[in-house]
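Structure file work19.txt with compact mmCIF, N, CA and C atoms:
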```txt
# COMPACT_ATOMS: atom_id res chain seq x y z
N MET A 7 17.00 -9.11 19.61
CA MET A 7 17.10 -8.52 18.29
C MET A 7 18.25 -7.53 18.23
N SER A 8 18.42 -6.77 19.29
CA SER A 8 19.49 -5.77 19.26
C SER A 8 20.85 -6.46 19.20
N LYS A 9 21.02 -7.56 19.91
CA LYS A 9 22.29 -8.29 19.84
C LYS A 9 22.47 -8.93 18.47
N ARG A 10 21.40 -9.51 17.96
CA ARG A 10 21.49 -10.21 16.67
C ARG A 10 21.91 -9.26 15.55
N PHE A 11 21.37 -8.03 15.58
CA PHE A 11 21.66 -7.07 14.51
C PHE A 11 22.68 -6.00 14.92
N SER A 12 23.25 -6.17 16.10
CA SER A 12 24.29 -5.26 16.60
C SER A 12 23.85 -3.80 16.60
N ILE A 13 22.66 -3.56 17.15
CA ILE A 13 22.16 -2.19 17.31
C ILE A 13 21.68 -2.02 18.74
N SER A 14 21.51 -0.79 19.15
CA SER A 14 21.08 -0.55 20.52
C SER A 14 19.61 -0.96 20.70
N PRO A 15 19.22 -1.23 21.92
CA PRO A 15 17.84 -1.69 22.17
C PRO A 15 16.74 -0.67 21.83
N GLN A 16 17.05 0.62 21.92
CA GLN A 16 16.02 1.65 21.68
C GLN A 16 15.38 1.57 20.29
N PRO A 17 16.15 1.49 19.19
CA PRO A 17 15.51 1.38 17.87
C PRO A 17 14.68 0.10 17.73
N VAL A 18 15.14 -0.97 18.36
CA VAL A 18 14.38 -2.22 18.30
C VAL A 18 13.04 -2.05 19.03
N ARG A 19 13.09 -1.43 20.18
CA ARG A 19 11.87 -1.17 20.96
C ARG A 19 10.90 -0.30 20.15
N GLU A 20 11.43 0.76 19.53
CA GLU A 20 10.59 1.65 18.72
C GLU A 20 9.99 0.92 17.51
N ALA A 21 10.78 0.06 16.91
CA ALA A 21 10.27 -0.71 15.76
C ALA A 21 9.13 -1.62 16.19
N PHE A 22 9.28 -2.28 17.33
CA PHE A 22 8.21 -3.16 17.81
C PHE A 22 6.96 -2.37 18.20
N ILE A 23 7.16 -1.17 18.70
CA ILE A 23 6.01 -0.31 19.03
C ILE A 23 5.25 0.03 17.75
N LYS A 24 5.99 0.43 16.70
CA LYS A 24 5.35 0.76 15.41
C LYS A 24 4.64 -0.47 14.84
N LEU A 25 5.28 -1.61 14.88
CA LEU A 25 4.65 -2.83 14.38
C LEU A 25 3.40 -3.15 15.19
N GLY A 26 3.48 -2.92 16.51
CA GLY A 26 2.32 -3.16 17.36
C GLY A 26 1.16 -2.24 17.03
N GLU A 27 1.46 -0.99 16.66
CA GLU A 27 0.41 -0.05 16.26
C GLU A 27 -0.30 -0.54 15.01
N GLU A 28 0.42 -1.25 14.16
CA GLU A 28 -0.17 -1.80 12.93
C GLU A 28 -0.77 -3.18 13.18
N ARG A 29 -0.68 -3.64 14.41
CA ARG A 29 -1.20 -4.96 14.83
C ARG A 29 -0.58 -6.11 14.03
N LEU A 30 0.68 -5.97 13.69
CA LEU A 30 1.36 -7.02 12.94
C LEU A 30 1.90 -8.13 13.84
N PRO A 31 2.51 -7.80 14.98
CA PRO A 31 2.95 -8.90 15.83
C PRO A 31 1.86 -9.30 16.82
N GLU A 32 1.92 -10.52 17.23
CA GLU A 32 1.03 -11.01 18.29
C GLU A 32 1.92 -11.29 19.49
N VAL A 33 1.71 -10.54 20.56
CA VAL A 33 2.54 -10.69 21.75
C VAL A 33 1.82 -11.62 22.71
N ARG A 34 2.49 -12.71 23.05
CA ARG A 34 1.97 -13.67 24.02
C ARG A 34 2.87 -13.60 25.25
N PRO A 35 2.34 -13.01 26.33
CA PRO A 35 3.17 -12.84 27.53
C PRO A 35 3.80 -14.17 27.97
N GLN A 36 5.07 -14.10 28.26
CA GLN A 36 5.88 -15.21 28.74
C GLN A 36 5.98 -16.36 27.74
N ARG A 37 5.58 -16.11 26.51
CA ARG A 37 5.70 -17.12 25.45
C ARG A 37 6.53 -16.60 24.29
N GLY A 38 6.34 -15.33 23.97
CA GLY A 38 7.08 -14.75 22.86
C GLY A 38 6.23 -13.84 22.01
N THR A 39 6.84 -13.33 20.97
CA THR A 39 6.17 -12.45 20.01
C THR A 39 6.20 -13.14 18.67
N TYR A 40 5.05 -13.17 18.02
CA TYR A 40 4.90 -13.90 16.76
C TYR A 40 4.29 -13.00 15.70
N VAL A 41 4.54 -13.33 14.45
CA VAL A 41 3.91 -12.61 13.35
C VAL A 41 2.45 -13.01 13.32
N ARG A 42 1.57 -12.01 13.33
CA ARG A 42 0.14 -12.26 13.36
C ARG A 42 -0.35 -12.74 12.00
N LYS A 43 -1.27 -13.68 12.02
CA LYS A 43 -1.85 -14.17 10.77
C LYS A 43 -2.71 -13.09 10.14
N ILE A 44 -2.73 -13.10 8.83
CA ILE A 44 -3.51 -12.12 8.10
C ILE A 44 -4.99 -12.45 8.23
N SER A 45 -5.78 -11.43 8.51
CA SER A 45 -7.22 -11.59 8.62
C SER A 45 -7.85 -11.33 7.25
N VAL A 46 -8.56 -12.31 6.73
CA VAL A 46 -9.23 -12.15 5.43
C VAL A 46 -10.23 -11.01 5.50
N LYS A 47 -10.97 -10.93 6.61
CA LYS A 47 -11.96 -9.86 6.75
C LYS A 47 -11.30 -8.48 6.71
N GLU A 48 -10.16 -8.32 7.37
CA GLU A 48 -9.47 -7.03 7.36
C GLU A 48 -8.96 -6.68 5.96
N VAL A 49 -8.48 -7.68 5.24
CA VAL A 49 -8.02 -7.44 3.87
C VAL A 49 -9.20 -7.00 3.01
N LEU A 50 -10.33 -7.67 3.14
CA LEU A 50 -11.52 -7.30 2.35
C LEU A 50 -12.01 -5.91 2.73
N ASP A 51 -11.99 -5.59 4.01
CA ASP A 51 -12.39 -4.25 4.45
C ASP A 51 -11.44 -3.18 3.90
N ALA A 52 -10.15 -3.46 3.91
CA ALA A 52 -9.17 -2.50 3.38
C ALA A 52 -9.36 -2.32 1.88
N CYS A 53 -9.65 -3.40 1.18
CA CYS A 53 -9.90 -3.30 -0.27
C CYS A 53 -11.15 -2.48 -0.54
N TYR A 54 -12.17 -2.67 0.29
CA TYR A 54 -13.42 -1.91 0.15
C TYR A 54 -13.14 -0.41 0.32
N LEU A 55 -12.35 -0.09 1.33
CA LEU A 55 -12.00 1.31 1.60
C LEU A 55 -11.23 1.90 0.42
N ARG A 56 -10.24 1.16 -0.05
CA ARG A 56 -9.45 1.66 -1.16
C ARG A 56 -10.30 1.85 -2.41
N GLU A 57 -11.18 0.91 -2.69
CA GLU A 57 -12.04 1.03 -3.86
C GLU A 57 -12.94 2.26 -3.76
N ALA A 58 -13.52 2.49 -2.59
CA ALA A 58 -14.39 3.65 -2.42
C ALA A 58 -13.63 4.95 -2.66
N ILE A 59 -12.42 5.02 -2.17
CA ILE A 59 -11.61 6.21 -2.36
C ILE A 59 -11.23 6.39 -3.83
N GLU A 60 -10.81 5.30 -4.47
CA GLU A 60 -10.39 5.40 -5.86
C GLU A 60 -11.55 5.76 -6.79
N VAL A 61 -12.73 5.24 -6.53
CA VAL A 61 -13.89 5.59 -7.36
C VAL A 61 -14.17 7.08 -7.24
N SER A 62 -14.07 7.60 -6.03
CA SER A 62 -14.29 9.03 -5.81
C SER A 62 -13.24 9.86 -6.55
N ILE A 63 -12.00 9.42 -6.51
CA ILE A 63 -10.92 10.14 -7.19
C ILE A 63 -11.15 10.13 -8.70
N VAL A 64 -11.49 8.99 -9.25
CA VAL A 64 -11.70 8.89 -10.70
C VAL A 64 -12.89 9.76 -11.12
N ARG A 65 -13.93 9.82 -10.30
CA ARG A 65 -15.06 10.70 -10.61
C ARG A 65 -14.60 12.15 -10.71
N GLU A 66 -13.75 12.55 -9.77
CA GLU A 66 -13.21 13.92 -9.81
C GLU A 66 -12.45 14.16 -11.11
N LEU A 67 -11.62 13.20 -11.47
CA LEU A 67 -10.77 13.37 -12.65
C LEU A 67 -11.55 13.38 -13.96
N THR A 68 -12.69 12.70 -14.00
CA THR A 68 -13.46 12.66 -15.25
C THR A 68 -14.14 13.99 -15.56
N ARG A 69 -14.19 14.88 -14.59
CA ARG A 69 -14.79 16.19 -14.82
C ARG A 69 -13.86 17.13 -15.58
N GLN A 70 -12.63 16.71 -15.74
CA GLN A 70 -11.66 17.55 -16.45
C GLN A 70 -10.95 16.71 -17.51
N HIS A 71 -10.53 17.35 -18.54
CA HIS A 71 -9.75 16.65 -19.57
C HIS A 71 -8.32 17.16 -19.44
N ASP A 72 -7.45 16.32 -18.93
CA ASP A 72 -6.08 16.74 -18.71
C ASP A 72 -5.14 15.89 -19.55
N ALA A 73 -4.51 16.51 -20.52
CA ALA A 73 -3.63 15.79 -21.44
C ALA A 73 -2.43 15.17 -20.73
N THR A 74 -1.93 15.82 -19.71
CA THR A 74 -0.78 15.29 -18.97
C THR A 74 -1.14 13.99 -18.27
N LEU A 75 -2.30 13.97 -17.63
CA LEU A 75 -2.75 12.75 -16.95
C LEU A 75 -2.91 11.62 -17.96
N ILE A 76 -3.57 11.91 -19.06
CA ILE A 76 -3.81 10.88 -20.07
C ILE A 76 -2.48 10.35 -20.61
N LYS A 77 -1.53 11.24 -20.84
CA LYS A 77 -0.21 10.83 -21.32
C LYS A 77 0.47 9.91 -20.31
N ASN A 78 0.43 10.27 -19.03
CA ASN A 78 1.05 9.45 -17.99
C ASN A 78 0.39 8.08 -17.87
N LEU A 79 -0.93 8.06 -17.93
CA LEU A 79 -1.65 6.79 -17.83
C LEU A 79 -1.33 5.89 -19.03
N ARG A 80 -1.28 6.46 -20.21
CA ARG A 80 -0.93 5.67 -21.40
C ARG A 80 0.48 5.11 -21.31
N ARG A 81 1.40 5.90 -20.76
CA ARG A 81 2.78 5.43 -20.60
C ARG A 81 2.83 4.22 -19.66
N ILE A 82 2.11 4.30 -18.55
CA ILE A 82 2.10 3.20 -17.59
C ILE A 82 1.46 1.96 -18.21
N ILE A 83 0.35 2.14 -18.90
CA ILE A 83 -0.33 1.00 -19.54
C ILE A 83 0.57 0.36 -20.59
N ALA A 84 1.29 1.17 -21.35
CA ALA A 84 2.21 0.64 -22.36
C ALA A 84 3.31 -0.19 -21.68
N GLN A 85 3.80 0.27 -20.54
CA GLN A 85 4.80 -0.49 -19.80
C GLN A 85 4.22 -1.81 -19.29
N GLN A 86 2.97 -1.78 -18.82
CA GLN A 86 2.32 -3.00 -18.35
C GLN A 86 2.19 -4.01 -19.49
N GLN A 87 1.88 -3.54 -20.68
CA GLN A 87 1.69 -4.43 -21.81
C GLN A 87 3.00 -5.11 -22.23
N LYS A 88 4.13 -4.54 -21.86
CA LYS A 88 5.43 -5.12 -22.20
C LYS A 88 5.89 -6.18 -21.20
N ILE A 89 5.20 -6.27 -20.09
CA ILE A 89 5.61 -7.22 -19.05
C ILE A 89 5.31 -8.64 -19.51
N LYS A 90 6.27 -9.51 -19.26
CA LYS A 90 6.12 -10.90 -19.66
C LYS A 90 5.07 -11.59 -18.78
N PRO A 91 4.31 -12.52 -19.38
CA PRO A 91 3.32 -13.27 -18.59
C PRO A 91 3.98 -13.94 -17.38
N GLY A 92 3.31 -13.83 -16.25
CA GLY A 92 3.83 -14.43 -15.02
C GLY A 92 4.68 -13.50 -14.18
N ASP A 93 5.05 -12.35 -14.71
CA ASP A 93 5.87 -11.40 -13.95
C ASP A 93 4.94 -10.50 -13.13
N SER A 94 4.30 -11.11 -12.15
CA SER A 94 3.30 -10.39 -11.36
C SER A 94 3.92 -9.29 -10.50
N ARG A 95 5.17 -9.46 -10.10
CA ARG A 95 5.81 -8.45 -9.25
C ARG A 95 5.91 -7.11 -9.99
N ASN A 96 6.45 -7.13 -11.21
CA ASN A 96 6.59 -5.88 -11.95
C ASN A 96 5.24 -5.33 -12.40
N PHE A 97 4.29 -6.22 -12.70
CA PHE A 97 2.96 -5.74 -13.06
C PHE A 97 2.33 -5.02 -11.85
N PHE A 98 2.50 -5.60 -10.67
CA PHE A 98 1.94 -5.00 -9.45
C PHE A 98 2.55 -3.62 -9.21
N ILE A 99 3.86 -3.50 -9.40
CA ILE A 99 4.53 -2.21 -9.20
C ILE A 99 3.94 -1.15 -10.14
N LEU A 100 3.76 -1.52 -11.41
CA LEU A 100 3.19 -0.57 -12.37
C LEU A 100 1.71 -0.30 -12.07
N ASP A 101 0.99 -1.31 -11.60
CA ASP A 101 -0.41 -1.12 -11.24
C ASP A 101 -0.54 -0.13 -10.09
N GLU A 102 0.33 -0.25 -9.10
CA GLU A 102 0.34 0.71 -8.00
C GLU A 102 0.66 2.11 -8.52
N ASP A 103 1.59 2.18 -9.46
CA ASP A 103 1.96 3.47 -10.06
C ASP A 103 0.75 4.09 -10.77
N LEU A 104 -0.01 3.27 -11.46
CA LEU A 104 -1.21 3.74 -12.16
C LEU A 104 -2.22 4.34 -11.18
N HIS A 105 -2.52 3.60 -10.13
CA HIS A 105 -3.49 4.08 -9.14
C HIS A 105 -2.98 5.32 -8.40
N LYS A 106 -1.70 5.32 -8.10
CA LYS A 106 -1.11 6.47 -7.42
C LYS A 106 -1.16 7.70 -8.32
N THR A 107 -0.96 7.51 -9.63
CA THR A 107 -1.03 8.62 -10.58
C THR A 107 -2.40 9.28 -10.54
N PHE A 108 -3.46 8.46 -10.49
CA PHE A 108 -4.82 9.02 -10.36
C PHE A 108 -4.90 9.91 -9.12
N ALA A 109 -4.49 9.37 -7.98
CA ALA A 109 -4.63 10.10 -6.72
C ALA A 109 -3.80 11.38 -6.69
N LEU A 110 -2.56 11.28 -7.11
CA LEU A 110 -1.70 12.47 -7.07
C LEU A 110 -2.19 13.54 -8.03
N HIS A 111 -2.66 13.12 -9.18
CA HIS A 111 -3.14 14.09 -10.16
C HIS A 111 -4.41 14.80 -9.66
N ALA A 112 -5.18 14.11 -8.85
CA ALA A 112 -6.38 14.72 -8.27
C ALA A 112 -6.04 15.56 -7.03
N GLY A 113 -4.75 15.59 -6.67
CA GLY A 113 -4.35 16.34 -5.48
C GLY A 113 -4.73 15.63 -4.19
N ARG A 114 -4.78 14.30 -4.24
CA ARG A 114 -5.20 13.51 -3.08
C ARG A 114 -4.07 12.63 -2.55
N GLU A 115 -2.88 13.22 -2.41
CA GLU A 115 -1.73 12.44 -1.96
C GLU A 115 -1.96 11.83 -0.58
N TYR A 116 -2.46 12.62 0.35
CA TYR A 116 -2.69 12.10 1.71
C TYR A 116 -3.72 10.97 1.70
N VAL A 117 -4.78 11.16 0.96
CA VAL A 117 -5.83 10.14 0.89
C VAL A 117 -5.26 8.84 0.30
N TRP A 118 -4.34 8.97 -0.65
CA TRP A 118 -3.73 7.79 -1.27
C TRP A 118 -2.90 6.99 -0.26
N ARG A 119 -2.14 7.68 0.57
CA ARG A 119 -1.22 6.99 1.49
C ARG A 119 -1.96 6.14 2.52
N ILE A 120 -3.11 6.59 2.99
CA ILE A 120 -3.80 5.88 4.05
C ILE A 120 -4.27 4.48 3.62
N PRO A 121 -5.07 4.35 2.55
CA PRO A 121 -5.51 2.99 2.22
C PRO A 121 -4.40 2.09 1.72
N VAL A 122 -3.37 2.65 1.14
CA VAL A 122 -2.25 1.82 0.70
C VAL A 122 -1.62 1.18 1.92
N ARG A 123 -1.42 1.94 2.97
CA ARG A 123 -0.85 1.41 4.20
C ARG A 123 -1.78 0.38 4.82
N VAL A 124 -3.07 0.67 4.81
CA VAL A 124 -4.04 -0.25 5.39
C VAL A 124 -4.04 -1.57 4.62
N VAL A 125 -4.06 -1.51 3.30
CA VAL A 125 -4.08 -2.74 2.50
C VAL A 125 -2.77 -3.50 2.71
N ALA A 126 -1.68 -2.78 2.78
CA ALA A 126 -0.38 -3.45 2.92
C ALA A 126 -0.23 -4.13 4.27
N THR A 127 -0.88 -3.59 5.31
CA THR A 127 -0.71 -4.17 6.63
C THR A 127 -1.86 -5.06 7.04
N ALA A 128 -2.91 -5.10 6.24
CA ALA A 128 -4.06 -5.94 6.63
C ALA A 128 -3.76 -7.40 6.42
```
Take the structure in this file and express it as structure tokens.
Amino acid sequence: MSKRFSISPQPVREAFIKLGEERLPEVRPQRGTYVRKISVKEVLDACYLREAIEVSIVRELTRQHDATLIKNLRRIIAQQQKIKPGDSRNFFILDEDLHKTFALHAGREYVWRIPVRVVATA
């Protein structure tokens, strides 16, 4: 990899270590390193975790009436409504923005980052 991308071996080694921590590659000794197949169970578990966190965040937010939050959510929803049918990529980006807005507004930035990473790597 370092020769292919003309970089020193150290960053490549560190990148593979990080990927290994996320269990993304499957290392087969004396055979090679392969991209690991996605586990349906892990994806479902990650979704369960994210849902539990988001429900808790929304419960916190419903105890207060915040005009700024409502304004931001309406703006995002209006943008989603303008997306053309079939443009799932841009809808997904705005959907993530919507959920992130809930978390950040509740002061739960750290809590937001964890399940997003888990869902993305599961």
### Query
Please, what distance in Å, to one decimal, runs between CA of Arg42 (chain A) and CA of Gly92 (chain A)?
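It comes out at 28.7 Å.
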### Task
Could you pull out the residues in region 9-105 of chain A that DSSP calls strand (DSSP E or B) from the backbone, as a PyMOL selection string?
chain A and resi 31-34+38-41
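Using only C-alpha atoms, the shortest contact distance between Ile63 (chain A) and any of A:Tyr116, A:Phe108, A:Phe22, A:Phe11 is found at A:Phe108.
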Excluding region 17-21 of chain A and any residue of its chain fewer than 4 positions from it, enumerate the residues within 7 Å of it, using all atoms listed in the file, and give them as a PDB file with N, CA and C atoms, in the frame of the given file.
```pdb
ATOM      1  N   MET A   7      17.000  -9.110  19.610  1.00  0.00           N
ATOM      2  CA  MET A   7      17.100  -8.520  18.290  1.00  0.00           C
ATOM      3  C   MET A   7      18.250  -7.530  18.230  1.00  0.00           C
ATOM      4  N   SER A   8      18.420  -6.770  19.290  1.00  0.00           N
ATOM      5  CA  SER A   8      19.490  -5.770  19.260  1.00  0.00           C
ATOM      6  C   SER A   8      20.850  -6.460  19.200  1.00  0.00           C
ATOM      7  N   ILE A  13      22.660  -3.560  17.150  1.00  0.00           N
ATOM      8  CA  ILE A  13      22.160  -2.190  17.310  1.00  0.00           C
ATOM      9  C   ILE A  13      21.680  -2.020  18.740  1.00  0.00           C
ATOM     10  N   LEU A  25       5.280  -1.610  14.880  1.00  0.00           N
ATOM     11  CA  LEU A  25       4.650  -2.830  14.380  1.00  0.00           C
ATOM     12  C   LEU A  25       3.400  -3.150  15.190  1.00  0.00           C
ATOM     13  N   GLY A  26       3.480  -2.920  16.510  1.00  0.00           N
ATOM     14  CA  GLY A  26       2.320  -3.160  17.360  1.00  0.00           C
ATOM     15  C   GLY A  26       1.160  -2.240  17.030  1.00  0.00           C
TER      16      GLY A  26
END
```
#### Entry: helix (DSSP H, G or I) call set, DSSP backbone run, chain A, as an MDAnalysis selection string
chainID A and resid 8:11 15:27 46:68 73:87 94:111 115:127
### Task
Give me, please, the distance in Å between CA of Gln16 (chain A) and CA of Ile120 (chain A), quoted to one decimal.
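Separation between CA of Gln16 (chain A) and CA of Ile120 (chain A): 26.9 Å.
Atom C of Glu115 (chain A) is found 19.8 Å from atom C of Gln70 (chain A).
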Exercise: Val41 (chain A) partners within 7 Å, only C-alpha atoms, chain neighbours under 5 positions left out, as a short mmCIF file (atom, residue, chain, number, x, y, z; two decimals) with N, CA and C atoms, in the frame of the given file:
```cif
data_model
loop_
_atom_site.label_atom_id
_atom_site.label_comp_id
_atom_site.auth_asym_id
_atom_site.auth_seq_id
_atom_site.Cartn_x
_atom_site.Cartn_y
_atom_site.Cartn_z
N LEU A 30 0.68 -5.97 13.69
CA LEU A 30 1.36 -7.02 12.94
C LEU A 30 1.90 -8.13 13.84
N PRO A 31 2.51 -7.80 14.98
CA PRO A 31 2.95 -8.90 15.83
C PRO A 31 1.86 -9.30 16.82
N GLU A 32 1.92 -10.52 17.23
CA GLU A 32 1.03 -11.01 18.29
C GLU A 32 1.92 -11.29 19.49
#
```
